[in-house]
$ cat entry_2.cif   # mmCIF, C-alpha atoms and all ligand atoms
data_entry
loop_
_atom_site.label_atom_id
_atom_site.label_comp_id
_atom_site.auth_asym_id
_atom_site.auth_seq_id
_atom_site.Cartn_x
_atom_site.Cartn_y
_atom_site.Cartn_z
CA MET A 1 0.00 0.00 0.00
CA PRO A 2 1.45 3.41 -0.93
CA GLU A 3 2.46 5.47 2.06
CA PRO A 4 0.92 8.93 2.49
CA VAL A 5 2.81 11.97 1.25
CA VAL A 6 3.43 14.26 4.17
CA SER A 7 3.31 17.99 3.49
CA ALA A 8 5.63 20.63 4.88
CA ASN A 9 4.62 22.87 7.68
CA GLY A 10 6.19 24.20 10.87
CA SER A 11 8.82 26.73 11.67
CA LYS A 12 12.53 26.96 10.95
CA THR A 13 14.62 26.18 14.00
CA ALA A 14 17.54 27.73 15.80
CA GLN A 15 20.62 28.57 13.75
CA GLY A 16 24.34 28.10 14.40
CA PRO A 17 26.61 25.08 14.26
CA ILE A 18 25.68 24.03 17.79
CA ALA A 19 22.07 25.15 17.81
CA GLU A 20 20.14 25.08 21.09
CA ARG A 21 17.30 22.58 21.04
CA PRO A 22 13.98 24.39 20.75
CA GLY A 23 11.80 24.81 23.83
CA PRO A 24 8.01 24.33 23.91
CA ALA A 25 7.36 27.96 22.94
CA GLU A 26 9.41 27.58 19.76
CA LEU A 27 7.61 24.35 18.92
CA MET A 28 4.34 26.22 18.98
CA ALA A 29 5.69 29.07 16.84
CA PRO A 30 3.75 29.84 13.67
CA ALA A 31 4.95 28.41 10.37
CA GLY A 32 8.15 29.97 9.01
CA ALA A 33 8.91 31.48 5.62
CA ALA A 34 8.56 28.26 3.60
CA THR A 35 5.05 27.07 4.35
CA ALA A 36 2.70 24.52 2.87
CA ASP A 37 1.62 27.36 0.53
CA GLU A 38 4.99 27.26 -1.23
CA LYS A 39 5.10 25.44 -4.55
CA VAL A 40 6.01 21.76 -4.41
CA ILE A 41 9.32 21.35 -6.29
CA LEU A 42 9.91 17.64 -5.69
CA GLN A 43 7.22 15.04 -5.15
CA VAL A 44 8.32 11.46 -4.60
CA LYS A 45 5.61 8.80 -4.44
CA ASP A 46 6.03 5.16 -3.39
CA LEU A 47 9.58 5.04 -4.78
CA ARG A 48 11.15 1.56 -4.91
CA LYS A 49 14.49 0.10 -5.93
CA ASP A 50 15.31 -3.59 -5.82
CA PHE A 51 18.82 -4.84 -6.51
CA VAL A 52 19.79 -8.45 -7.01
CA ILE A 53 22.97 -9.55 -5.28
CA ARG A 54 24.69 -12.89 -5.81
CA SER A 55 25.95 -15.08 -3.01
CA GLY A 56 26.75 -18.68 -2.13
CA PHE A 57 28.94 -21.19 -3.97
CA LEU A 58 30.26 -19.66 -7.23
CA ASN A 59 27.87 -16.75 -6.68
CA THR A 60 25.03 -18.81 -8.07
CA ARG A 61 22.40 -17.78 -5.51
CA LYS A 62 20.46 -14.61 -6.35
CA LEU A 63 19.13 -12.57 -3.44
CA PRO A 64 16.81 -9.57 -3.79
CA VAL A 65 17.74 -6.38 -1.92
CA HIS A 66 14.91 -3.92 -1.31
CA ALA A 67 17.21 -0.90 -1.04
CA VAL A 68 14.34 1.63 -1.28
CA ASP A 69 10.96 0.24 -0.32
CA GLY A 70 8.01 2.58 -0.87
CA VAL A 71 9.42 6.02 -0.03
CA SER A 72 7.18 9.10 -0.33
CA PHE A 73 7.91 12.73 0.49
CA ASP A 74 7.73 16.18 -1.01
CA ILE A 75 9.95 19.25 -0.85
CA HIS A 76 8.70 22.78 -1.30
CA GLN A 77 10.41 25.70 -3.05
CA GLY A 78 13.36 27.00 -1.04
CA GLU A 79 12.89 24.29 1.61
CA THR A 80 15.39 21.76 2.96
CA LEU A 81 14.36 18.21 3.78
CA GLY A 82 17.00 16.39 5.81
CA LEU A 83 17.19 12.63 5.12
CA VAL A 84 18.98 10.65 7.82
CA GLY A 85 19.63 7.06 8.82
CA GLU A 86 22.47 4.63 9.45
CA SER A 87 24.70 3.43 6.65
CA GLY A 88 22.82 1.04 4.32
CA SER A 89 19.37 2.52 5.02
CA GLY A 90 18.88 3.52 1.37
CA LYS A 91 19.64 7.25 1.44
CA SER A 92 22.08 7.34 -1.48
CA THR A 93 19.89 5.05 -3.56
CA THR A 94 16.97 7.43 -2.93
CA ALA A 95 19.20 10.34 -4.06
CA ARG A 96 20.24 8.51 -7.23
CA LEU A 97 16.61 7.61 -8.04
CA VAL A 98 15.51 11.24 -7.58
CA LEU A 99 18.36 12.39 -9.85
CA ARG A 100 17.45 9.67 -12.36
CA LEU A 101 21.00 8.29 -12.19
CA LEU A 102 19.30 4.91 -11.56
CA PRO A 103 16.05 3.56 -12.99
CA ALA A 104 13.38 2.98 -10.33
CA THR A 105 11.74 -0.41 -9.81
CA GLY A 106 8.50 1.43 -9.00
CA GLY A 107 6.98 4.74 -7.98
CA THR A 108 7.22 8.24 -9.42
CA VAL A 109 9.39 11.35 -9.13
CA GLN A 110 7.85 14.68 -10.09
CA LEU A 111 10.06 17.73 -10.53
CA ASP A 112 8.06 20.97 -10.44
CA GLY A 113 4.96 19.14 -11.64
CA THR A 114 6.65 17.06 -14.39
CA ASP A 115 6.83 13.30 -13.93
CA ILE A 116 10.46 12.58 -14.83
CA THR A 117 10.26 8.84 -14.12
CA GLY A 118 9.89 7.82 -17.76
CA LEU A 119 11.60 10.73 -19.51
CA ASP A 120 14.66 10.21 -21.69
CA GLY A 121 16.77 12.02 -24.31
CA ALA A 122 16.18 15.73 -24.79
CA ALA A 123 13.24 15.86 -22.38
CA MET A 124 15.37 14.48 -19.53
CA ARG A 125 18.34 16.73 -20.43
CA LYS A 126 16.04 19.74 -20.06
CA GLN A 127 15.01 18.58 -16.58
CA ARG A 128 18.64 17.96 -15.55
CA VAL A 129 19.33 21.71 -15.70
CA GLU A 130 16.89 22.11 -12.80
CA MET A 131 18.30 19.27 -10.73
CA GLN A 132 21.89 19.33 -9.52
CA ALA A 133 23.89 17.24 -7.06
CA VAL A 134 26.71 17.56 -4.53
CA PHE A 135 28.33 14.35 -3.33
CA GLN A 136 30.55 13.41 -0.39
CA ASP A 137 33.42 12.22 -2.59
CA ILE A 138 34.16 15.65 -4.00
CA THR A 139 37.67 14.69 -5.16
CA GLY A 140 36.18 12.00 -7.40
CA ALA A 141 33.48 14.38 -8.64
CA LEU A 142 35.86 17.15 -9.82
CA ASN A 143 37.73 16.54 -13.06
CA ALA A 144 41.42 16.65 -12.03
CA GLY A 145 42.48 17.95 -15.45
CA MET A 146 40.21 21.00 -15.43
CA THR A 147 40.71 24.37 -13.76
CA VAL A 148 38.17 25.74 -11.28
CA ALA A 149 36.90 28.13 -13.99
CA GLU A 150 36.35 25.22 -16.37
CA ILE A 151 34.69 23.04 -13.70
CA VAL A 152 32.26 25.72 -12.53
CA GLY A 153 31.63 26.93 -16.09
CA GLU A 154 31.03 23.49 -17.63
CA PRO A 155 27.26 23.34 -16.92
CA LEU A 156 26.95 26.79 -18.59
CA LYS A 157 28.70 25.37 -21.66
CA LEU A 158 26.64 22.17 -21.78
CA HIS A 159 23.21 23.61 -21.02
CA GLN A 160 23.36 27.31 -21.96
CA HIS A 161 26.10 27.26 -24.65
CA LEU A 162 27.74 30.38 -23.19
CA SER A 163 31.03 31.65 -24.68
CA LYS A 164 34.28 31.03 -22.81
CA LYS A 165 34.45 34.69 -21.76
CA ASP A 166 30.90 34.67 -20.41
CA ARG A 167 31.49 31.39 -18.61
CA ARG A 168 34.56 32.81 -16.91
CA ARG A 169 32.62 35.88 -15.84
CA GLU A 170 29.79 33.77 -14.40
CA SER A 171 32.26 31.40 -12.70
CA ALA A 172 34.03 34.36 -11.09
CA ALA A 173 30.72 35.69 -9.76
CA MET A 174 29.91 32.22 -8.44
CA LEU A 175 33.29 32.02 -6.64
CA ASP A 176 32.39 35.29 -4.91
CA GLN A 177 29.14 33.68 -3.75
CA VAL A 178 30.84 30.60 -2.32
CA GLY A 179 33.56 32.65 -0.61
CA LEU A 180 36.57 31.73 -2.79
CA ARG A 181 38.93 34.39 -4.13
CA ARG A 182 38.85 34.92 -7.88
CA ASP A 183 42.51 33.90 -8.25
CA TYR A 184 41.29 30.33 -7.60
CA LEU A 185 39.76 30.37 -11.10
CA ASP A 186 42.99 29.10 -12.67
CA ARG A 187 43.83 26.51 -10.01
CA TYR A 188 43.40 22.75 -10.32
CA PRO A 189 41.58 20.54 -7.77
CA TYR A 190 44.86 19.15 -6.33
CA GLU A 191 45.77 22.72 -5.25
CA LEU A 192 42.65 23.01 -3.05
CA SER A 193 41.78 21.87 0.50
CA GLY A 194 38.78 19.59 1.12
CA GLY A 195 36.57 22.53 2.13
CA GLN A 196 37.66 24.56 -0.91
CA LYS A 197 36.92 21.63 -3.23
CA GLN A 198 33.46 21.28 -1.72
CA ARG A 199 32.91 25.02 -2.30
CA VAL A 200 33.84 24.50 -5.97
CA GLY A 201 31.41 21.55 -6.13
CA ILE A 202 28.67 23.73 -4.64
CA ALA A 203 29.49 26.59 -7.06
CA ARG A 204 29.17 24.18 -9.98
CA ALA A 205 25.89 22.75 -8.67
CA LEU A 206 24.34 26.18 -8.16
CA VAL A 207 25.67 28.07 -11.20
CA LEU A 208 22.55 27.16 -13.21
CA ARG A 209 20.32 28.24 -10.29
CA PRO A 210 18.53 24.87 -10.18
CA LYS A 211 15.13 24.29 -8.61
CA LEU A 212 16.46 21.29 -6.67
CA VAL A 213 19.88 20.37 -5.26
CA VAL A 214 20.45 16.84 -3.94
CA LEU A 215 23.28 16.90 -1.38
CA ASP A 216 24.44 13.39 -0.44
CA GLU A 217 26.59 13.64 2.71
CA PRO A 218 28.19 16.88 1.42
CA VAL A 219 30.04 17.64 4.66
CA SER A 220 30.72 14.14 6.03
CA ALA A 221 34.33 14.11 4.79
CA LEU A 222 35.13 17.57 6.19
CA ASP A 223 36.47 18.45 9.64
CA VAL A 224 33.94 19.85 12.12
CA SER A 225 34.77 23.56 11.77
CA THR A 226 34.73 23.32 7.96
CA GLN A 227 31.42 21.44 8.15
CA SER A 228 29.66 24.34 9.85
CA GLN A 229 31.18 26.86 7.41
CA VAL A 230 29.93 24.86 4.42
CA ILE A 231 26.47 24.39 5.97
CA ASN A 232 26.20 28.12 6.68
CA LEU A 233 27.26 28.78 3.08
CA LEU A 234 24.59 26.38 1.76
CA GLU A 235 21.95 28.17 3.85
CA ASP A 236 23.04 31.61 2.59
CA LEU A 237 23.01 30.40 -1.03
CA GLN A 238 19.55 28.91 -0.57
CA ASP A 239 18.29 32.28 0.69
CA GLU A 240 19.79 33.98 -2.39
CA ILE A 241 18.92 31.43 -5.07
CA GLY A 242 15.80 29.78 -3.63
CA SER A 243 16.67 26.18 -4.55
CA ALA A 244 15.03 23.32 -2.67
CA TYR A 245 17.52 20.97 -0.97
CA LEU A 246 17.35 17.24 -0.30
CA PHE A 247 20.14 17.10 2.32
CA ILE A 248 21.39 13.64 3.23
CA ALA A 249 23.52 12.84 6.27
CA HIS A 250 23.97 10.02 8.77
CA ASN A 251 24.48 12.64 11.48
CA LEU A 252 21.14 13.99 12.71
CA PHE A 253 22.82 16.98 14.27
CA VAL A 254 24.19 18.21 10.93
CA VAL A 255 20.77 17.82 9.34
CA HIS A 256 18.88 19.54 12.14
CA HIS A 257 20.88 22.71 11.66
CA ILE A 258 19.92 23.16 8.01
CA SER A 259 16.60 21.30 7.66
CA LYS A 260 13.08 22.58 7.94
CA ARG A 261 11.83 19.01 8.04
CA ILE A 262 13.57 15.73 8.74
CA ALA A 263 12.87 12.24 7.37
CA VAL A 264 14.43 9.23 9.12
CA MET A 265 15.12 6.09 7.04
CA TYR A 266 15.63 2.54 8.27
CA LEU A 267 16.19 -0.39 5.88
CA GLY A 268 14.66 1.27 2.84
CA LYS A 269 11.66 2.90 4.49
CA ILE A 270 10.91 6.29 6.03
CA VAL A 271 10.02 5.51 9.65
CA GLU A 272 9.45 9.09 10.79
CA ILE A 273 9.06 12.44 9.07
CA GLY A 274 8.17 15.82 10.48
CA ASP A 275 9.11 19.36 11.26
CA ALA A 276 12.77 19.47 12.34
CA SER A 277 12.01 21.20 15.64
CA GLN A 278 9.33 18.61 16.49
CA VAL A 279 11.42 15.57 15.47
CA TYR A 280 14.40 16.90 17.39
CA ALA A 281 12.54 17.87 20.57
CA SER A 282 10.02 15.01 20.73
CA PRO A 283 11.03 12.11 18.48
CA ARG A 284 8.28 9.51 18.18
CA HIS A 285 9.90 6.48 16.59
CA PRO A 286 12.19 4.46 18.91
CA TYR A 287 14.82 4.49 16.15
CA THR A 288 14.78 8.30 15.96
CA GLN A 289 14.95 8.41 19.75
CA ALA A 290 18.03 6.19 19.72
CA LEU A 291 19.76 8.27 17.02
CA LEU A 292 19.04 11.49 18.88
CA SER A 293 20.09 10.13 22.26
CA GLY A 294 23.63 9.91 20.85
CA ILE A 295 23.85 13.67 20.28
CA PRO A 296 25.36 15.75 23.11
CA HIS A 297 23.05 18.50 24.39
CA PRO A 298 24.58 22.01 24.30
CA ASN A 299 22.99 22.85 27.67
CA PRO A 300 25.31 21.31 30.34
CA ALA A 301 22.45 20.69 32.83
CA ARG A 302 20.39 18.82 30.24
CA GLU A 303 23.49 17.11 28.90
CA ARG A 304 24.15 15.61 32.37
CA LYS A 305 20.63 14.10 32.34
CA ARG A 306 20.92 12.77 28.77
CA GLN A 307 20.15 9.05 28.65
CA ARG A 308 21.93 7.15 25.88
CA ILE A 309 19.94 4.48 24.10
CA VAL A 310 22.30 1.90 22.63
CA LEU A 311 20.50 -0.32 20.16
CA ARG A 312 20.85 -4.08 20.38
CA GLY A 313 22.72 -5.80 17.57
CA ASP A 314 23.66 -4.56 14.14
CA VAL A 315 21.54 -3.37 11.26
CA PRO A 316 20.24 -6.57 9.59
CA GLY A 317 21.79 -7.35 6.20
CA PRO A 318 19.99 -5.99 3.15
CA SER A 319 18.91 -9.43 1.96
CA SER A 320 17.59 -10.49 5.37
CA ILE A 321 15.28 -7.64 6.32
CA PRO A 322 13.06 -8.80 9.22
CA GLY A 323 9.32 -9.25 8.59
CA GLY A 324 6.71 -7.09 10.32
CA CYS A 325 8.32 -3.86 11.48
CA SER A 326 11.89 -4.18 10.15
CA PHE A 327 13.16 -2.40 13.30
CA HIS A 328 11.61 -4.94 15.70
CA THR A 329 14.84 -6.95 16.13
CA ARG A 330 16.54 -3.90 17.70
CA CYS A 331 13.60 -2.04 19.21
CA PRO A 332 13.62 -1.51 23.00
CA HIS A 333 9.78 -1.38 22.96
CA VAL A 334 9.08 -4.40 20.72
CA MET A 335 5.58 -5.92 21.01
CA GLU A 336 4.13 -9.11 19.55
CA ILE A 337 2.39 -7.31 16.66
CA CYS A 338 5.72 -5.77 15.56
CA ARG A 339 7.08 -9.21 14.58
CA THR A 340 4.36 -9.83 11.98
CA VAL A 341 2.62 -6.61 10.90
CA THR A 342 4.42 -3.78 9.06
CA PRO A 343 3.25 -0.47 10.56
CA PRO A 344 2.20 2.12 7.91
CA LEU A 345 3.67 5.62 7.95
CA ALA A 346 0.68 7.28 9.60
CA GLU A 347 0.11 11.00 9.92
CA MET A 348 0.04 12.15 13.53
CA PRO A 349 -2.17 14.73 15.22
CA GLY A 350 -0.09 17.90 15.43
CA GLY A 351 1.87 17.15 12.25
CA GLY A 352 4.48 14.72 11.00
CA ALA A 353 4.11 10.97 10.51
CA VAL A 354 5.52 7.85 12.12
CA ALA A 355 5.57 4.14 11.22
CA CYS A 356 5.34 2.48 14.65
CA HIS A 357 2.71 0.32 16.36
CA LEU A 358 3.25 2.27 19.58
CA HIS A 359 1.47 5.14 17.85
CA ALA A 360 -1.32 3.13 16.25
CA ASN A 361 -3.92 4.64 18.64
CA GLY A 362 -2.48 8.13 18.80
CA PRO A 363 0.75 9.41 20.31
CA ALA A 364 2.29 7.00 22.77
CA LEU A 365 5.82 8.26 23.16
CA GLY A 366 5.29 11.64 21.49
CA GLY A 367 5.51 14.85 23.45
CA ALA A 368 8.47 13.62 25.49
CA SER A 369 11.75 15.43 25.11
CA VAL A 370 14.86 13.39 24.34
CA ASN A 371 15.92 13.84 27.93
CA SER A 372 12.71 12.50 29.39
CA LEU A 373 12.11 9.52 27.13
CA PRO A 374 10.58 6.42 28.69
CA LEU A 375 13.45 4.13 29.50
CA PRO A 376 13.88 1.01 27.43
CA PRO A 377 14.64 -2.32 29.17
CA PRO A 378 17.98 -2.38 31.06
CA ASP A 379 19.73 -4.59 28.50
CA ALA A 380 19.14 -1.98 25.80
CA THR A 381 20.13 1.11 27.81
CA GLN A 382 23.57 1.81 29.14
CA PRO A 383 25.85 4.80 29.29
CA SER A 384 28.30 4.50 26.45
CA SER A 385 30.58 6.67 24.40
CA GLU A 386 29.80 4.73 21.26
CA SER A 387 27.34 6.23 18.85
CA ALA A 388 24.02 4.55 18.21
CA SER A 389 24.29 5.61 14.60
CA ALA A 390 26.82 4.67 11.95
N1 LIG B 401 24.35 -1.29 -7.04
C1 LIG B 401 23.95 -1.99 -5.98
N2 LIG B 401 23.82 -3.35 -6.04
C2 LIG B 401 23.41 -4.07 -4.98
N3 LIG B 401 23.08 -3.53 -3.79
C3 LIG B 401 23.19 -2.19 -3.66
C4 LIG B 401 23.63 -1.36 -4.74
N4 LIG B 401 23.64 -0.06 -4.30
C5 LIG B 401 23.22 -0.10 -3.03
N5 LIG B 401 22.96 -1.37 -2.64
C6 LIG B 401 22.46 -1.79 -1.32
O1 LIG B 401 21.31 -1.05 -1.03
C7 LIG B 401 21.26 -0.72 0.35
C8 LIG B 401 21.15 0.78 0.51
O2 LIG B 401 22.39 1.38 0.12
P1 LIG B 401 22.61 2.96 0.10
O3 LIG B 401 21.47 3.58 -0.63
O4 LIG B 401 23.97 3.21 -0.41
O5 LIG B 401 22.50 3.31 1.65
P2 LIG B 401 23.02 4.59 2.47
O6 LIG B 401 23.33 5.69 1.49
O7 LIG B 401 21.89 4.93 3.39
O8 LIG B 401 24.24 4.14 3.21
C9 LIG B 401 22.52 -1.30 0.97
O9 LIG B 401 22.23 -2.52 1.56
C10 LIG B 401 23.45 -1.47 -0.22
O10 LIG B 401 24.34 -2.52 0.01
MG MG B 402 25.09 6.82 1.23
#
$ encode --input "entry_2.cif" --output "structure tokens"
Amino acid sequence: MPEPVVSANGSKTAQGPIAERPGPAELMAPAGAATADEKVILQVKDLRKDFVIRSGFLNTRKLPVHAVDGVSFDIHQGETLGLVGESGSGKSTTARLVLRLLPATGGTVQLDGTDITGLDGAAMRKQRVEMQAVFQDITGALNAGMTVAEIVGEPLKLHQHLSKKDRRRESAAMLDQVGLRRDYLDRYPYELSGGQKQRVGIARALVLRPKLVVLDEPVSALDVSTQSQVINLLEDLQDEIGSAYLFIAHNLFVVHHISKRIAVMYLGKIVEIGDASQVYASPRHPYTQALLSGIPHPNPARERKRQRIVLRGDVPGPSSIPGGCSFHTRCPHVMEICRTVTPPLAEMPGGGAVACHLHANGPALGGASVNSLPLPPPDATQPSSESASA
């Protein structure tokens, strides 16, 4: 059964690399600049991707992998949706399906009202102008034999057929916007630091002023201080250009800072989606609670009370996804129904949606702050310095 598409609403949250968690007053604040009235730029419905992997003697056994299993969400103009989850949850596959770098097994992707799922040739090339990407492996993404001016100007050559002089002028203006001096125009990627390379990648992605930018772990390879600089830059550019962002990270803290809404993925499915301030202050799904419990609180008093939730076991392998709720093998609150019945992603009163039987009859764990979550059984909760997420 297709899962419901959850619309954007709610307010933008505190800014700064170490943003204070919002209090109850902020949670009740009216909707921010990008509201449900804003145009929908990306609409993803029931998206699926199955891979077949080979195993066993001489690789003769074929095993299906449901890497993306019925994912639905939308992103409004100028809005950022943060997509988080442990490694292997299907985030990058979702990004590649949205960008049409992979064919989908099922479902649809609409970009500004156009279904791009079946487009090819010239029609797809036209859509690509409006849809750009920034990846974690920036060194691999930048052509080592091209100068910064050529790298940033290439989309202008391919899609707008600008002259070399005009491309250089536009590239120089773009370097100003990403905070790189113009003398970097004639440098090669090997002459740049990691943060500078990512700025070049961002300049290239935004030079065509696309409607949508898909950012797959864009700051994960950078050191912490560079991470916050690049995130602040991305926010400033979004204010100037108005692109919608699909921002992927395994670190919920990074995503909270930039996202208006957050979607949490586990084994190919979205298990929780909602306004960033709500998800961060009162996570509903036990998986989201565990991920968030690993994040230090900036307030020392609340940090001392923080209760870590360390999940049992590892993420199950992609070809052995548990039946029922796929999280039930690690869930501190597992019930009998969870072993057999897959919970739908159900919209919740007050906004957002969660796929968890604990919420089948209304909020069960909702409304609690991370620091006052109901405690899971003793074997699943222990103080630890290890992260619950990948
Ligand atoms: N080309 C592929 N062939 C087979 N399995 C794949 C392929 N790409 C991804 N997968 C599998 O799909 C699942 C989701 O992967 P991915 O989307 O990369 O997750 P994430 O980005 O969240 O770490 C993983 O189990 C991964 O091994
Ligand atoms: Mg990935």
$ residues_near_ligand --input "entry_2.cif" --ligand "ligand MG 402 (chain B)" --cutoff "9 Å" --atoms "all atoms listed in the file" --output "PDB file with C-alpha atoms, in the coordinates of the input"
ATOM      1  CA  GLU A  86      22.470   4.630   9.450  1.00  0.00           C
ATOM      2  CA  SER A  87      24.700   3.430   6.650  1.00  0.00           C
ATOM      3  CA  GLY A  88      22.820   1.040   4.320  1.00  0.00           C
ATOM      4  CA  SER A  89      19.370   2.520   5.020  1.00  0.00           C
ATOM      5  CA  GLY A  90      18.880   3.520   1.370  1.00  0.00           C
ATOM      6  CA  LYS A  91      19.640   7.250   1.440  1.00  0.00           C
ATOM      7  CA  SER A  92      22.080   7.340  -1.480  1.00  0.00           C
ATOM      8  CA  THR A  93      19.890   5.050  -3.560  1.00  0.00           C
ATOM      9  CA  ALA A  95      19.200  10.340  -4.060  1.00  0.00           C
ATOM     10  CA  GLN A 136      30.550  13.410  -0.390  1.00  0.00           C
ATOM     11  CA  ASP A 216      24.440  13.390  -0.440  1.00  0.00           C
ATOM     12  CA  GLU A 217      26.590  13.640   2.710  1.00  0.00           C
ATOM     13  CA  ILE A 248      21.390  13.640   3.230  1.00  0.00           C
ATOM     14  CA  ALA A 249      23.520  12.840   6.270  1.00  0.00           C
ATOM     15  CA  HIS A 250      23.970  10.020   8.770  1.00  0.00           C
TER      16      HIS A 250
END
$ closest_atom_pairs --input "entry_2.cif" --of "segment 201-302 of chain A" --to "segment 122-127 of chain A" --cutoff "12 Å" --atoms "only C-alpha atoms" --output "tab-separated table"
residue	atom	partner	partner_atom	distance
A:Leu208	CA	A:Gln127	CA	11.9
A:Pro210	CA	A:Gln127	CA	9.6
A:Lys211	CA	A:Gln127	CA	9.8
A:Leu212	CA	A:Gln127	CA	10.4
$ residues_around --input "entry_2.cif" --residues "Glu170 of chain A" --least-positions-apart "3" --cutoff "8 Å" --atoms "all atoms listed in the file" --output "ChimeraX atom specification"
/A:153,166-167,173-174,207
$ residues_around --input "entry_2.cif" --residues "Leu252 of chain A" --least-positions-apart "5" --cutoff "9 Å" --atoms "only C-alpha atoms" --output "number ranges by chain"
A: 82-85, 257, 262, 264, 280, 291-292, 295
$ atom_distance --input "entry_2.cif" --atom1 "atom CA of Asn232 of chain A" --atom2 "atom CA of Phe253 of chain A"
13.9 Å
$ residues_around --input "entry_2.cif" --residues "segment 180-185 of chain A" --least-positions-apart "6" --cutoff "6 Å" --atoms "only C-alpha atoms" --output "list in words"
Val148, Ala149 and Ala172 of chain A
$ closest_residue --input "entry_2.cif" --among "A:Pro332, A:Pro64, A:Gly324, A:Gly70" --to "Ile270 of chain A" --atoms "all atoms listed in the file"
A:Gly70
$ residues_around --input "entry_2.cif" --residues "segment 339-347 of chain A" --least-positions-apart "3" --cutoff "7 Å" --atoms "all atoms listed in the file" --output "PyMOL selection string"
chain A and resi 3-4+271+323-325+328+336+351-357
$ closest_residue --input "entry_2.cif" --among "A:Arg187, A:Leu192, A:Phe135, A:Glu130" --to "His159 of chain A" --atoms "all atoms listed in the file"
A:Glu130
$ closest_residue --input "entry_2.cif" --among "A:Pro103, A:Pro296, A:Gly194, A:Gly56" --to "ligand LIG 401 (chain B)" --atoms "all atoms listed in the file"
A:Pro103
$ closest_residue --input "entry_2.cif" --among "A:Gln227, A:Gln198, A:Gln43, A:Ser277" --to "Val134 of chain A" --atoms "all atoms listed in the file"
A:Gln198
$ closest_residue --input "entry_2.cif" --among "A:Arg48, A:Arg330, A:Arg54, A:Lys164" --to "Glu150 of chain A" --atoms "all atoms listed in the file"
A:Lys164
$ closest_residue --input "entry_2.cif" --among "A:Arg308, A:His76, A:His66, A:Lys260" --to "ligand LIG 401 (chain B)" --atoms "all atoms listed in the file"
A:His66
$ atom_distance --input "entry_2.cif" --atom1 "atom CA of Ala276 of chain A" --atom2 "atom CA of Lys197 of chain A"
28.8 Å
$ atom_distance --input "entry_2.cif" --atom1 "atom CA of Val255 of chain A" --atom2 "atom CA of Val224 of chain A"
13.6 Å
$ residues_around --input "entry_2.cif" --residues "Gln289 of chain A" --least-positions-apart "3" --cutoff "9 Å" --atoms "only C-alpha atoms" --output "JSON, numbers by chain"
{"A": [280, 282, 283, 284, 285, 286, 292, 293, 294, 309, 370, 373]}
